[in-house]
>>> print(open('work_6.cif').read())   # mmCIF, C-alpha atoms
data_final
loop_
_atom_site.label_atom_id
_atom_site.label_comp_id
_atom_site.auth_asym_id
_atom_site.auth_seq_id
_atom_site.Cartn_x
_atom_site.Cartn_y
_atom_site.Cartn_z
CA MET A 105 0.00 0.00 0.00
CA ALA A 106 2.84 2.39 0.88
CA ASP A 107 4.52 1.58 -2.45
CA GLU A 108 1.28 2.19 -4.31
CA GLN A 109 0.77 5.52 -2.55
CA SER A 110 4.27 6.51 -3.52
CA GLU A 111 3.67 5.49 -7.16
CA VAL A 112 0.45 7.51 -7.28
CA LEU A 113 2.15 10.54 -5.74
CA ASP A 114 4.95 10.25 -8.33
CA THR A 115 2.33 10.20 -11.09
CA ASN A 116 0.58 13.15 -9.47
CA ALA A 117 3.90 15.05 -9.44
CA SER A 118 4.34 14.23 -13.14
CA PHE A 119 0.91 15.74 -13.82
CA TYR A 120 1.98 19.06 -12.33
CA THR A 121 5.38 18.90 -14.07
CA ALA A 122 3.60 18.41 -17.40
CA PHE A 123 1.21 21.26 -16.53
CA ALA A 124 4.04 23.64 -15.57
CA GLY A 125 6.04 22.73 -18.67
CA ARG A 126 2.95 22.97 -20.91
CA ASP A 127 4.08 19.60 -22.17
CA TYR A 128 1.12 18.30 -24.13
CA GLU A 129 2.64 14.90 -24.96
CA ALA A 130 3.52 14.20 -21.33
CA MET A 131 0.04 15.30 -20.28
CA GLU A 132 -1.58 13.07 -22.90
CA ALA A 133 0.46 10.07 -21.71
CA LEU A 134 -0.70 10.63 -18.13
CA TRP A 135 -4.43 10.40 -18.89
CA SER A 136 -6.22 7.08 -19.13
CA SER A 137 -6.97 5.63 -22.54
CA ALA A 138 -8.93 2.71 -21.05
CA SER A 139 -11.40 4.46 -18.72
CA VAL A 140 -13.86 7.29 -19.12
CA THR A 141 -12.09 10.52 -18.18
CA VAL A 142 -13.57 13.69 -16.70
CA CYS A 143 -11.96 17.06 -15.99
CA VAL A 144 -13.25 20.03 -14.00
CA HIS A 145 -11.04 23.07 -14.55
CA PRO A 146 -11.61 25.78 -11.92
CA GLY A 147 -15.12 27.16 -12.30
CA TRP A 148 -15.80 25.15 -15.48
CA PRO A 149 -18.44 22.52 -15.98
CA PRO A 150 -17.15 18.96 -16.31
CA ILE A 151 -15.46 18.06 -19.59
CA ARG A 152 -16.08 14.42 -20.43
CA GLY A 153 -14.11 12.01 -22.59
CA ARG A 154 -10.40 11.78 -23.34
CA GLU A 155 -10.57 13.70 -26.62
CA GLU A 156 -12.37 16.70 -25.12
CA VAL A 157 -10.23 16.65 -21.97
CA MET A 158 -7.04 16.68 -24.04
CA LYS A 159 -8.43 19.48 -26.23
CA SER A 160 -8.96 21.56 -23.10
CA PHE A 161 -5.33 21.08 -22.04
CA ARG A 162 -4.11 21.90 -25.54
CA SER A 163 -6.15 25.09 -25.45
CA ILE A 164 -4.82 26.02 -21.99
CA PHE A 165 -1.22 25.32 -23.03
CA GLU A 166 -1.58 27.36 -26.23
CA HIS A 167 -3.67 30.29 -25.03
CA ASP A 168 -3.50 30.67 -21.25
CA THR A 169 -0.79 33.16 -20.33
CA GLY A 170 -1.32 32.93 -16.55
CA PRO A 171 0.84 30.93 -14.15
CA SER A 172 0.62 27.14 -14.09
CA PRO A 173 -0.30 25.41 -10.85
CA THR A 174 2.33 23.95 -8.58
CA CYS A 175 1.34 21.14 -6.23
CA GLU A 176 1.55 21.42 -2.45
CA ALA A 177 0.68 19.10 0.42
CA PRO A 178 -0.65 16.15 -1.62
CA THR A 179 -2.19 13.22 0.23
CA CYS A 180 -2.95 9.93 -1.46
CA HIS A 181 -5.63 7.36 -0.72
CA VAL A 182 -5.55 4.01 -2.51
CA ILE A 183 -8.84 2.12 -3.01
CA GLY A 184 -8.07 -1.19 -4.69
CA THR A 185 -7.20 -0.48 -8.31
CA GLY A 186 -8.15 3.18 -7.93
CA ALA A 187 -6.66 6.03 -5.94
CA PHE A 188 -7.30 9.68 -5.30
CA VAL A 189 -5.00 12.53 -4.39
CA VAL A 190 -6.15 15.72 -2.69
CA CYS A 191 -3.70 18.58 -2.92
CA ARG A 192 -3.33 22.31 -2.92
CA GLU A 193 -2.51 24.06 -6.20
CA ARG A 194 -0.77 27.41 -6.05
CA LEU A 195 -1.05 29.75 -9.05
CA GLY A 196 0.77 32.94 -8.20
CA ASN A 197 -1.20 34.36 -5.28
CA ALA A 198 -4.22 32.14 -5.83
CA VAL A 199 -4.75 28.86 -4.02
CA LEU A 200 -6.88 26.05 -5.42
CA ILE A 201 -7.81 22.65 -4.09
CA ALA A 202 -7.58 19.69 -6.46
CA THR A 203 -8.91 16.16 -6.43
CA ASN A 204 -7.09 13.86 -8.84
CA VAL A 205 -8.45 10.34 -9.36
CA TYR A 206 -6.19 7.63 -10.78
CA ALA A 207 -6.83 4.12 -12.10
CA ARG A 208 -4.22 1.37 -12.25
CA GLU A 209 -4.02 0.21 -15.88
CA SER A 210 -1.47 -2.33 -17.12
CA GLY A 211 0.71 -1.63 -14.10
CA GLN A 212 0.64 2.16 -14.54
CA TRP A 213 -1.41 4.76 -12.69
CA ARG A 214 -3.40 6.90 -15.10
CA LEU A 215 -5.51 9.98 -14.49
CA VAL A 216 -9.24 9.43 -14.87
CA HIS A 217 -10.49 12.60 -13.19
CA HIS A 218 -9.14 16.03 -12.27
CA HIS A 219 -11.24 18.53 -10.32
CA ALA A 220 -9.68 21.85 -9.31
CA SER A 221 -11.52 24.69 -7.60
CA ALA A 222 -10.82 28.00 -5.92
CA LEU A 223 -10.19 28.12 -2.20
CA ALA A 224 -12.12 30.92 -0.51
CA GLN A 225 -10.60 32.72 2.42
CA VAL A 226 -12.34 31.08 5.34
CA PRO A 227 -11.70 31.60 9.03
CA ALA A 228 -9.56 28.93 10.70
CA THR A 229 -11.64 26.67 12.90
CA PRO A 230 -10.63 23.53 14.77
CA GLU A 231 -12.10 21.24 12.13
CA LEU A 232 -10.01 22.84 9.38
CA ASP A 233 -6.46 21.92 8.58
CA SER A 234 -4.80 25.29 9.05
CA GLU A 235 -1.87 24.23 6.87
CA MET A 236 -4.26 24.12 3.94
CA LEU A 237 -5.27 27.77 4.26
CA PRO A 238 -3.76 30.31 1.87
CA ASN A 239 -0.71 32.15 3.20
CA MET B 89 -20.57 -2.98 -14.18
CA ALA B 90 -24.00 -1.56 -14.99
CA ASP B 91 -25.32 -2.94 -11.69
CA GLU B 92 -22.41 -1.42 -9.82
CA GLN B 93 -22.95 1.95 -11.48
CA SER B 94 -26.58 1.81 -10.50
CA GLU B 95 -25.68 0.93 -6.89
CA VAL B 96 -23.22 3.81 -6.70
CA LEU B 97 -25.77 6.23 -8.16
CA ASP B 98 -28.33 5.04 -5.59
CA THR B 99 -25.81 5.71 -2.83
CA ASN B 100 -25.06 9.10 -4.36
CA ALA B 101 -28.79 9.89 -4.35
CA SER B 102 -28.94 8.87 -0.67
CA PHE B 103 -26.11 11.33 0.06
CA TYR B 104 -28.16 14.22 -1.33
CA THR B 105 -31.34 12.99 0.39
CA ALA B 106 -29.48 12.97 3.72
CA PHE B 107 -28.08 16.42 2.92
CA ALA B 108 -31.52 17.85 2.02
CA GLY B 109 -33.12 16.29 5.11
CA ARG B 110 -30.24 17.41 7.33
CA ASP B 111 -30.28 13.81 8.51
CA TYR B 112 -27.06 13.42 10.45
CA GLU B 113 -27.47 9.70 11.16
CA ALA B 114 -28.11 8.87 7.53
CA MET B 115 -25.13 11.00 6.51
CA GLU B 116 -22.90 9.30 9.07
CA ALA B 117 -23.93 5.86 7.80
CA LEU B 118 -23.01 6.84 4.23
CA TRP B 119 -19.40 7.73 4.99
CA SER B 120 -16.70 5.11 5.16
CA SER B 121 -15.50 3.86 8.52
CA ALA B 122 -12.77 1.72 6.97
CA SER B 123 -10.97 4.19 4.70
CA VAL B 124 -9.47 7.62 5.19
CA THR B 125 -12.14 10.20 4.33
CA VAL B 126 -11.70 13.70 2.95
CA CYS B 127 -14.26 16.44 2.32
CA VAL B 128 -13.94 19.72 0.42
CA HIS B 129 -16.98 21.93 1.05
CA PRO B 130 -17.27 24.75 -1.50
CA GLY B 131 -14.33 27.12 -1.06
CA TRP B 132 -13.08 25.33 2.05
CA PRO B 133 -9.75 23.63 2.50
CA PRO B 134 -9.89 19.82 2.73
CA ILE B 135 -11.22 18.36 5.97
CA ARG B 136 -9.51 15.06 6.69
CA GLY B 137 -10.65 12.12 8.79
CA ARG B 138 -14.10 10.75 9.52
CA GLU B 139 -14.51 12.52 12.86
CA GLU B 140 -13.72 15.97 11.45
CA VAL B 141 -15.76 15.36 8.28
CA MET B 142 -18.79 14.37 10.33
CA LYS B 143 -18.30 17.39 12.63
CA SER B 144 -18.45 19.62 9.55
CA PHE B 145 -21.78 18.09 8.47
CA ARG B 146 -23.18 18.39 11.98
CA SER B 147 -22.19 22.05 11.98
CA ILE B 148 -23.76 22.64 8.53
CA PHE B 149 -26.97 20.85 9.55
CA GLU B 150 -27.23 22.81 12.80
CA HIS B 151 -26.14 26.27 11.70
CA ASP B 152 -26.44 26.69 7.93
CA THR B 153 -29.78 28.25 7.06
CA GLY B 154 -29.20 28.30 3.28
CA PRO B 155 -30.68 25.81 0.82
CA SER B 156 -29.30 22.26 0.65
CA PRO B 157 -27.92 20.99 -2.63
CA THR B 158 -30.00 18.86 -4.95
CA CYS B 159 -28.22 16.56 -7.36
CA GLU B 160 -28.52 16.87 -11.14
CA ALA B 161 -26.99 14.99 -14.07
CA PRO B 162 -24.82 12.53 -12.11
CA THR B 163 -22.46 10.26 -14.04
CA CYS B 164 -20.75 7.31 -12.44
CA HIS B 165 -17.41 5.70 -13.23
CA VAL B 166 -16.46 2.43 -11.53
CA ILE B 167 -12.76 1.61 -11.09
CA GLY B 168 -12.47 -1.83 -9.49
CA THR B 169 -13.50 -1.49 -5.86
CA GLY B 170 -13.72 2.29 -6.13
CA ALA B 171 -16.01 4.60 -8.05
CA PHE B 172 -16.51 8.29 -8.58
CA VAL B 173 -19.57 10.33 -9.43
CA VAL B 174 -19.44 13.77 -11.03
CA CYS B 175 -22.65 15.74 -10.73
CA ARG B 176 -24.13 19.18 -10.63
CA GLU B 177 -25.43 20.51 -7.31
CA ARG B 178 -28.10 23.17 -7.37
CA LEU B 179 -28.54 25.41 -4.31
CA GLY B 180 -31.27 27.90 -5.07
CA ASN B 181 -29.82 29.93 -7.95
CA ALA B 182 -26.27 28.73 -7.45
CA VAL B 183 -24.77 25.80 -9.33
CA LEU B 184 -21.88 23.75 -8.01
CA ILE B 185 -19.96 20.82 -9.43
CA ALA B 186 -19.27 17.88 -7.14
CA THR B 187 -16.93 14.92 -7.27
CA ASN B 188 -17.97 12.11 -4.93
CA VAL B 189 -15.59 9.16 -4.51
CA TYR B 190 -16.93 5.84 -3.18
CA ALA B 191 -15.24 2.66 -1.96
CA ARG B 192 -16.90 -0.76 -1.86
CA GLU B 193 -16.71 -2.00 1.72
CA SER B 194 -18.36 -5.23 2.88
CA GLY B 195 -20.67 -5.14 -0.13
CA GLN B 196 -21.75 -1.52 0.42
CA TRP B 197 -20.58 1.63 -1.35
CA ARG B 198 -19.33 4.19 1.13
CA LEU B 199 -18.25 7.78 0.60
CA VAL B 200 -14.54 8.37 0.98
CA HIS B 201 -14.32 11.82 -0.61
CA HIS B 202 -16.65 14.69 -1.44
CA HIS B 203 -15.41 17.79 -3.31
CA ALA B 204 -17.92 20.49 -4.23
CA SER B 205 -17.04 23.81 -5.85
CA ALA B 206 -18.71 26.79 -7.44
CA LEU B 207 -19.37 26.82 -11.15
CA ALA B 208 -18.39 30.10 -12.76
CA GLN B 209 -20.41 31.44 -15.65
CA VAL B 210 -18.26 30.49 -18.61
CA PRO B 211 -19.05 30.89 -22.28
CA ALA B 212 -20.27 27.71 -24.00
CA THR B 213 -17.61 26.28 -26.27
CA PRO B 214 -17.63 23.04 -28.24
CA GLU B 215 -15.54 21.22 -25.67
CA LEU B 216 -18.01 22.00 -22.88
CA ASP B 217 -21.08 20.00 -22.13
CA SER B 218 -23.75 22.69 -22.50
CA GLU B 219 -26.16 20.69 -20.35
CA MET B 220 -23.84 21.26 -17.42
CA LEU B 221 -24.01 25.05 -17.65
CA PRO B 222 -26.24 26.94 -15.22
CA ASN B 223 -29.71 27.71 -16.55
#
>>> encode(input="work_6.cif", output="structure tokens")
Amino acid sequence: MADEQSEVLDTNASFYTAFAGRDYEAMEALWSSASVTVCVHPGWPPIRGREEVMKSFRSIFEHDTGPSPTCEAPTCHVIGTGAFVVCRERLGNAVLIATNVYARESGQWRLVHHHASALAQVPATPELDSEMLPN
Amino acid sequence: MADEQSEVLDTNASFYTAFAGRDYEAMEALWSSASVTVCVHPGWPPIRGREEVMKSFRSIFEHDTGPSPTCEAPTCHVIGTGAFVVCRERLGNAVLIATNVYARESGQWRLVHHHASALAQVPATPELDSEMLPN
């Protein structure tokens, strides 16, 4: 289980490396070809299907001039042949929260779902993880 | 697979029924006791661990006077012993997008992760599913 968590976290790191480098081929290789894929960019409705998801990344890489997200504080939870990572994404001064769902396919972890959304400034309360609040 | 999808969607419907009815016991029964659980309420940082997640629902049920989300257009994707649902949540005039991750535990699907976030008004483009846009 610890090895699997570490593999998923490595794949999750590769996702953000591909994002930061606007590396379309690396991004394409990271997404599942075998499962249905879904992607929720911040504030967007869900994009469904590998072809449309990849089009959205191509469009972001070609046209979006803003900063790319870097990944902070990822935690990984393996559920059989699936896994999900919850992490913070920092884009300049903005902080997002992302859920990334992975499926194990032919020995490799592949993205099947990405959901990123803005983090509002909320007061710290005991039930919140203060480390996850924006600086 | 079709049966499993239907089971997961039934469980997902029960989640929103418990939410709408502010039924703490039903909500508690829906969340996993066996796996690590995480919850991202809209704009909040992740809440980690069953006890803290349940505290957050108790607090919402007791203190939040706004509308509860109703579920629209859910789609389910089963990955082995895990599954995730992506759906629209409508709260009065607001529209959110939710990712709900489930694990199969002792024959029952249990929530292990909920991530809801605001949907911005974005222009319809070919790669977006227009049915997922707010009315």
>>> resolve_selection(input="work_6.cif", expression="the PyMOL selection byres ((chain B) within 6 of (chain A))", output="number ranges by chain")
B: 131-133, 135, 140, 167-170, 205, 207-208, 215-216, 220
>>> atom_distance(input="work_6.cif", atom1="CA of Ala124 in chain A", atom2="CA of Gly170 in chain A")
10.8 Å
>>> calpha_fit_and_write(input="work_6.cif", fixed="chain A", moving="chain B", output="PDB file with C-alpha atoms, in the frame of the given file")
ATOM      1  CA  MET B  89       0.014   0.039   0.014  1.00  0.00           C
ATOM      2  CA  ALA B  90       2.853   2.413   0.878  1.00  0.00           C
ATOM      3  CA  ASP B  91       4.518   1.589  -2.451  1.00  0.00           C
ATOM      4  CA  GLU B  92       1.277   2.203  -4.294  1.00  0.00           C
ATOM      5  CA  GLN B  93       0.773   5.531  -2.541  1.00  0.00           C
ATOM      6  CA  SER B  94       4.270   6.528  -3.507  1.00  0.00           C
ATOM      7  CA  GLU B  95       3.667   5.514  -7.144  1.00  0.00           C
ATOM      8  CA  VAL B  96       0.447   7.514  -7.268  1.00  0.00           C
ATOM      9  CA  LEU B  97       2.146  10.554  -5.731  1.00  0.00           C
ATOM     10  CA  ASP B  98       4.937  10.269  -8.320  1.00  0.00           C
ATOM     11  CA  THR B  99       2.323  10.215 -11.073  1.00  0.00           C
ATOM     12  CA  ASN B 100       0.583  13.174  -9.456  1.00  0.00           C
ATOM     13  CA  ALA B 101       3.896  15.061  -9.427  1.00  0.00           C
ATOM     14  CA  SER B 102       4.336  14.235 -13.132  1.00  0.00           C
ATOM     15  CA  PHE B 103       0.889  15.737 -13.809  1.00  0.00           C
ATOM     16  CA  TYR B 104       1.968  19.074 -12.332  1.00  0.00           C
ATOM     17  CA  THR B 105       5.365  18.917 -14.069  1.00  0.00           C
ATOM     18  CA  ALA B 106       3.588  18.422 -17.408  1.00  0.00           C
ATOM     19  CA  PHE B 107       1.208  21.260 -16.522  1.00  0.00           C
ATOM     20  CA  ALA B 108       4.053  23.644 -15.567  1.00  0.00           C
ATOM     21  CA  GLY B 109       6.041  22.728 -18.690  1.00  0.00           C
ATOM     22  CA  ARG B 110       2.948  22.979 -20.893  1.00  0.00           C
ATOM     23  CA  ASP B 111       4.077  19.595 -22.169  1.00  0.00           C
ATOM     24  CA  TYR B 112       1.121  18.297 -24.135  1.00  0.00           C
ATOM     25  CA  GLU B 113       2.641  14.899 -24.942  1.00  0.00           C
ATOM     26  CA  ALA B 114       3.516  14.205 -21.333  1.00  0.00           C
ATOM     27  CA  MET B 115       0.033  15.299 -20.271  1.00  0.00           C
ATOM     28  CA  GLU B 116      -1.584  13.071 -22.886  1.00  0.00           C
ATOM     29  CA  ALA B 117       0.448  10.074 -21.704  1.00  0.00           C
ATOM     30  CA  LEU B 118      -0.713  10.631 -18.113  1.00  0.00           C
ATOM     31  CA  TRP B 119      -4.426  10.401 -18.867  1.00  0.00           C
ATOM     32  CA  SER B 120      -6.202   7.090 -19.120  1.00  0.00           C
ATOM     33  CA  SER B 121      -6.977   5.626 -22.518  1.00  0.00           C
ATOM     34  CA  ALA B 122      -8.921   2.716 -21.040  1.00  0.00           C
ATOM     35  CA  SER B 123     -11.379   4.459 -18.713  1.00  0.00           C
ATOM     36  CA  VAL B 124     -13.853   7.282 -19.118  1.00  0.00           C
ATOM     37  CA  THR B 125     -12.091  10.528 -18.176  1.00  0.00           C
ATOM     38  CA  VAL B 126     -13.569  13.689 -16.704  1.00  0.00           C
ATOM     39  CA  CYS B 127     -11.962  17.060 -15.988  1.00  0.00           C
ATOM     40  CA  VAL B 128     -13.257  20.035 -14.002  1.00  0.00           C
ATOM     41  CA  HIS B 129     -11.036  23.081 -14.558  1.00  0.00           C
ATOM     42  CA  PRO B 130     -11.608  25.785 -11.932  1.00  0.00           C
ATOM     43  CA  GLY B 131     -15.131  27.160 -12.322  1.00  0.00           C
ATOM     44  CA  TRP B 132     -15.788  25.159 -15.485  1.00  0.00           C
ATOM     45  CA  PRO B 133     -18.445  22.540 -15.997  1.00  0.00           C
ATOM     46  CA  PRO B 134     -17.154  18.961 -16.328  1.00  0.00           C
ATOM     47  CA  ILE B 135     -15.455  18.063 -19.600  1.00  0.00           C
ATOM     48  CA  ARG B 136     -16.083  14.420 -20.417  1.00  0.00           C
ATOM     49  CA  GLY B 137     -14.110  12.024 -22.590  1.00  0.00           C
ATOM     50  CA  ARG B 138     -10.409  11.788 -23.339  1.00  0.00           C
ATOM     51  CA  GLU B 139     -10.569  13.689 -26.629  1.00  0.00           C
ATOM     52  CA  GLU B 140     -12.366  16.696 -25.130  1.00  0.00           C
ATOM     53  CA  VAL B 141     -10.226  16.649 -21.968  1.00  0.00           C
ATOM     54  CA  MET B 142      -7.045  16.683 -24.029  1.00  0.00           C
ATOM     55  CA  LYS B 143      -8.439  19.473 -26.249  1.00  0.00           C
ATOM     56  CA  SER B 144      -8.963  21.558 -23.110  1.00  0.00           C
ATOM     57  CA  PHE B 145      -5.322  21.085 -22.055  1.00  0.00           C
ATOM     58  CA  ARG B 146      -4.092  21.891 -25.549  1.00  0.00           C
ATOM     59  CA  SER B 147      -6.148  25.075 -25.456  1.00  0.00           C
ATOM     60  CA  ILE B 148      -4.819  26.021 -21.983  1.00  0.00           C
ATOM     61  CA  PHE B 149      -1.221  25.321 -23.036  1.00  0.00           C
ATOM     62  CA  GLU B 150      -1.581  27.354 -26.230  1.00  0.00           C
ATOM     63  CA  HIS B 151      -3.668  30.288 -25.043  1.00  0.00           C
ATOM     64  CA  ASP B 152      -3.496  30.677 -21.262  1.00  0.00           C
ATOM     65  CA  THR B 153      -0.786  33.154 -20.334  1.00  0.00           C
ATOM     66  CA  GLY B 154      -1.340  32.923 -16.557  1.00  0.00           C
ATOM     67  CA  PRO B 155       0.836  30.936 -14.158  1.00  0.00           C
ATOM     68  CA  SER B 156       0.602  27.131 -14.090  1.00  0.00           C
ATOM     69  CA  PRO B 157      -0.315  25.413 -10.852  1.00  0.00           C
ATOM     70  CA  THR B 158       2.323  23.954  -8.580  1.00  0.00           C
ATOM     71  CA  CYS B 159       1.335  21.158  -6.241  1.00  0.00           C
ATOM     72  CA  GLU B 160       1.540  21.442  -2.453  1.00  0.00           C
ATOM     73  CA  ALA B 161       0.665  19.107   0.418  1.00  0.00           C
ATOM     74  CA  PRO B 162      -0.661  16.157  -1.618  1.00  0.00           C
ATOM     75  CA  THR B 163      -2.212  13.226   0.239  1.00  0.00           C
ATOM     76  CA  CYS B 164      -2.950   9.940  -1.448  1.00  0.00           C
ATOM     77  CA  HIS B 165      -5.639   7.370  -0.718  1.00  0.00           C
ATOM     78  CA  VAL B 166      -5.556   4.013  -2.510  1.00  0.00           C
ATOM     79  CA  ILE B 167      -8.832   2.119  -2.989  1.00  0.00           C
ATOM     80  CA  GLY B 168      -8.068  -1.202  -4.683  1.00  0.00           C
ATOM     81  CA  THR B 169      -7.203  -0.466  -8.297  1.00  0.00           C
ATOM     82  CA  GLY B 170      -8.142   3.193  -7.925  1.00  0.00           C
ATOM     83  CA  ALA B 171      -6.657   6.037  -5.932  1.00  0.00           C
ATOM     84  CA  PHE B 172      -7.301   9.688  -5.301  1.00  0.00           C
ATOM     85  CA  VAL B 173      -5.003  12.538  -4.381  1.00  0.00           C
ATOM     86  CA  VAL B 174      -6.167  15.731  -2.690  1.00  0.00           C
ATOM     87  CA  CYS B 175      -3.710  18.592  -2.921  1.00  0.00           C
ATOM     88  CA  ARG B 176      -3.346  22.320  -2.922  1.00  0.00           C
ATOM     89  CA  GLU B 177      -2.524  24.072  -6.199  1.00  0.00           C
ATOM     90  CA  ARG B 178      -0.789  27.415  -6.054  1.00  0.00           C
ATOM     91  CA  LEU B 179      -1.062  29.765  -9.051  1.00  0.00           C
ATOM     92  CA  GLY B 180       0.784  32.946  -8.211  1.00  0.00           C
ATOM     93  CA  ASN B 181      -1.205  34.360  -5.284  1.00  0.00           C
ATOM     94  CA  ALA B 182      -4.223  32.151  -5.833  1.00  0.00           C
ATOM     95  CA  VAL B 183      -4.755  28.854  -4.040  1.00  0.00           C
ATOM     96  CA  LEU B 184      -6.889  26.059  -5.429  1.00  0.00           C
ATOM     97  CA  ILE B 185      -7.822  22.646  -4.097  1.00  0.00           C
ATOM     98  CA  ALA B 186      -7.593  19.699  -6.469  1.00  0.00           C
ATOM     99  CA  THR B 187      -8.922  16.165  -6.430  1.00  0.00           C
ATOM    100  CA  ASN B 188      -7.085  13.869  -8.840  1.00  0.00           C
ATOM    101  CA  VAL B 189      -8.456  10.347  -9.350  1.00  0.00           C
ATOM    102  CA  TYR B 190      -6.175   7.629 -10.763  1.00  0.00           C
ATOM    103  CA  ALA B 191      -6.822   4.120 -12.076  1.00  0.00           C
ATOM    104  CA  ARG B 192      -4.201   1.371 -12.260  1.00  0.00           C
ATOM    105  CA  GLU B 193      -4.018   0.229 -15.873  1.00  0.00           C
ATOM    106  CA  SER B 194      -1.467  -2.313 -17.111  1.00  0.00           C
ATOM    107  CA  GLY B 195       0.716  -1.607 -14.089  1.00  0.00           C
ATOM    108  CA  GLN B 196       0.642   2.184 -14.536  1.00  0.00           C
ATOM    109  CA  TRP B 197      -1.424   4.780 -12.687  1.00  0.00           C
ATOM    110  CA  ARG B 198      -3.402   6.905 -15.104  1.00  0.00           C
ATOM    111  CA  LEU B 199      -5.521   9.980 -14.483  1.00  0.00           C
ATOM    112  CA  VAL B 200      -9.236   9.424 -14.865  1.00  0.00           C
ATOM    113  CA  HIS B 201     -10.489  12.600 -13.183  1.00  0.00           C
ATOM    114  CA  HIS B 202      -9.139  16.019 -12.265  1.00  0.00           C
ATOM    115  CA  HIS B 203     -11.257  18.543 -10.319  1.00  0.00           C
ATOM    116  CA  ALA B 204      -9.683  21.852  -9.314  1.00  0.00           C
ATOM    117  CA  SER B 205     -11.526  24.702  -7.610  1.00  0.00           C
ATOM    118  CA  ALA B 206     -10.835  28.005  -5.932  1.00  0.00           C
ATOM    119  CA  LEU B 207     -10.202  28.134  -2.220  1.00  0.00           C
ATOM    120  CA  ALA B 208     -12.128  30.915  -0.527  1.00  0.00           C
ATOM    121  CA  GLN B 209     -10.601  32.727   2.408  1.00  0.00           C
ATOM    122  CA  VAL B 210     -12.349  31.089   5.331  1.00  0.00           C
ATOM    123  CA  PRO B 211     -11.705  31.610   9.014  1.00  0.00           C
ATOM    124  CA  ALA B 212      -9.570  28.907  10.654  1.00  0.00           C
ATOM    125  CA  THR B 213     -11.661  26.675  12.872  1.00  0.00           C
ATOM    126  CA  PRO B 214     -10.649  23.542  14.754  1.00  0.00           C
ATOM    127  CA  GLU B 215     -12.096  21.243  12.126  1.00  0.00           C
ATOM    128  CA  LEU B 216      -9.990  22.812   9.370  1.00  0.00           C
ATOM    129  CA  ASP B 217      -6.460  21.862   8.581  1.00  0.00           C
ATOM    130  CA  SER B 218      -4.733  25.225   9.036  1.00  0.00           C
ATOM    131  CA  GLU B 219      -1.837  24.112   6.845  1.00  0.00           C
ATOM    132  CA  MET B 220      -4.231  24.029   3.920  1.00  0.00           C
ATOM    133  CA  LEU B 221      -5.221  27.683   4.253  1.00  0.00           C
ATOM    134  CA  PRO B 222      -3.680  30.227   1.885  1.00  0.00           C
ATOM    135  CA  ASN B 223      -0.604  31.979   3.252  1.00  0.00           C
TER     136      ASN B 223
END
>>> resolve_selection(input="work_6.cif", expression="the PyMOL selection byres ((chain A and resi 111-119) around 8)", output="PyMOL selection string")
chain A and resi 107-110+120-123+131+134+175+178-180+187+189+204+206+213-214
>>> resolve_selection(input="work_6.cif", expression="the PyMOL selection byres ((chain A and resi 165) around 9)", output="PyMOL selection string")
chain A and resi 123+125-128+160-164+166-169
>>> closest_residue(input="work_6.cif", among="A:Leu215, A:Arg194, A:Ala177, A:Ala106", to="Arg154 in chain A", atoms="all atoms listed in the file")
A:Leu215
>>> atom_distance(input="work_6.cif", atom1="CA of Thr158 in chain B", atom2="CA of Ser120 in chain B")
21.6 Å
>>> axis_aligned_box(input="work_6.cif", around="range 89-107 of chain B", padding_each_side="8 Å", output="AutoDock Vina command-line options")
--center_x -26.0 --center_y 6.7 --center_z -5.6 --size_x 26.8 --size_y 35.4 --size_z 34.7
>>> atom_distance(input="work_6.cif", atom1="CA of Gln196 in chain B", atom2="CA of Pro155 in chain B")
28.8 Å
>>> build_atoms(input="work_6.cif", residues="range 160-169 of chain A", atoms="N, CA and C atoms", output="PDB file, in the coordinates of the input")
ATOM      1  N   SER A 160      -8.952  20.463 -24.074  1.00  0.00           N
ATOM      2  CA  SER A 160      -8.960  21.560 -23.100  1.00  0.00           C
ATOM      3  C   SER A 160      -7.543  21.871 -22.636  1.00  0.00           C
ATOM      4  N   PHE A 161      -6.718  20.827 -22.452  1.00  0.00           N
ATOM      5  CA  PHE A 161      -5.330  21.080 -22.040  1.00  0.00           C
ATOM      6  C   PHE A 161      -4.536  21.726 -23.179  1.00  0.00           C
ATOM      7  N   ARG A 162      -4.805  21.291 -24.402  1.00  0.00           N
ATOM      8  CA  ARG A 162      -4.110  21.900 -25.540  1.00  0.00           C
ATOM      9  C   ARG A 162      -4.440  23.395 -25.614  1.00  0.00           C
ATOM     10  N   SER A 163      -5.715  23.694 -25.396  1.00  0.00           N
ATOM     11  CA  SER A 163      -6.150  25.090 -25.450  1.00  0.00           C
ATOM     12  C   SER A 163      -5.506  25.902 -24.318  1.00  0.00           C
ATOM     13  N   ILE A 164      -5.465  25.327 -23.117  1.00  0.00           N
ATOM     14  CA  ILE A 164      -4.820  26.020 -21.990  1.00  0.00           C
ATOM     15  C   ILE A 164      -3.336  26.237 -22.287  1.00  0.00           C
ATOM     16  N   PHE A 165      -2.668  25.214 -22.776  1.00  0.00           N
ATOM     17  CA  PHE A 165      -1.220  25.320 -23.030  1.00  0.00           C
ATOM     18  C   PHE A 165      -0.932  26.351 -24.116  1.00  0.00           C
ATOM     19  N   GLU A 166      -1.847  26.446 -25.101  1.00  0.00           N
ATOM     20  CA  GLU A 166      -1.580  27.360 -26.230  1.00  0.00           C
ATOM     21  C   GLU A 166      -2.013  28.789 -25.946  1.00  0.00           C
ATOM     22  N   HIS A 167      -3.075  28.955 -25.123  1.00  0.00           N
ATOM     23  CA  HIS A 167      -3.670  30.290 -25.030  1.00  0.00           C
ATOM     24  C   HIS A 167      -3.591  30.914 -23.635  1.00  0.00           C
ATOM     25  N   ASP A 168      -3.456  30.117 -22.596  1.00  0.00           N
ATOM     26  CA  ASP A 168      -3.500  30.670 -21.250  1.00  0.00           C
ATOM     27  C   ASP A 168      -2.125  31.233 -20.891  1.00  0.00           C
ATOM     28  N   THR A 169      -2.083  32.531 -20.609  1.00  0.00           N
ATOM     29  CA  THR A 169      -0.790  33.160 -20.330  1.00  0.00           C
ATOM     30  C   THR A 169      -0.546  33.302 -18.823  1.00  0.00           C
TER      31      THR A 169
END
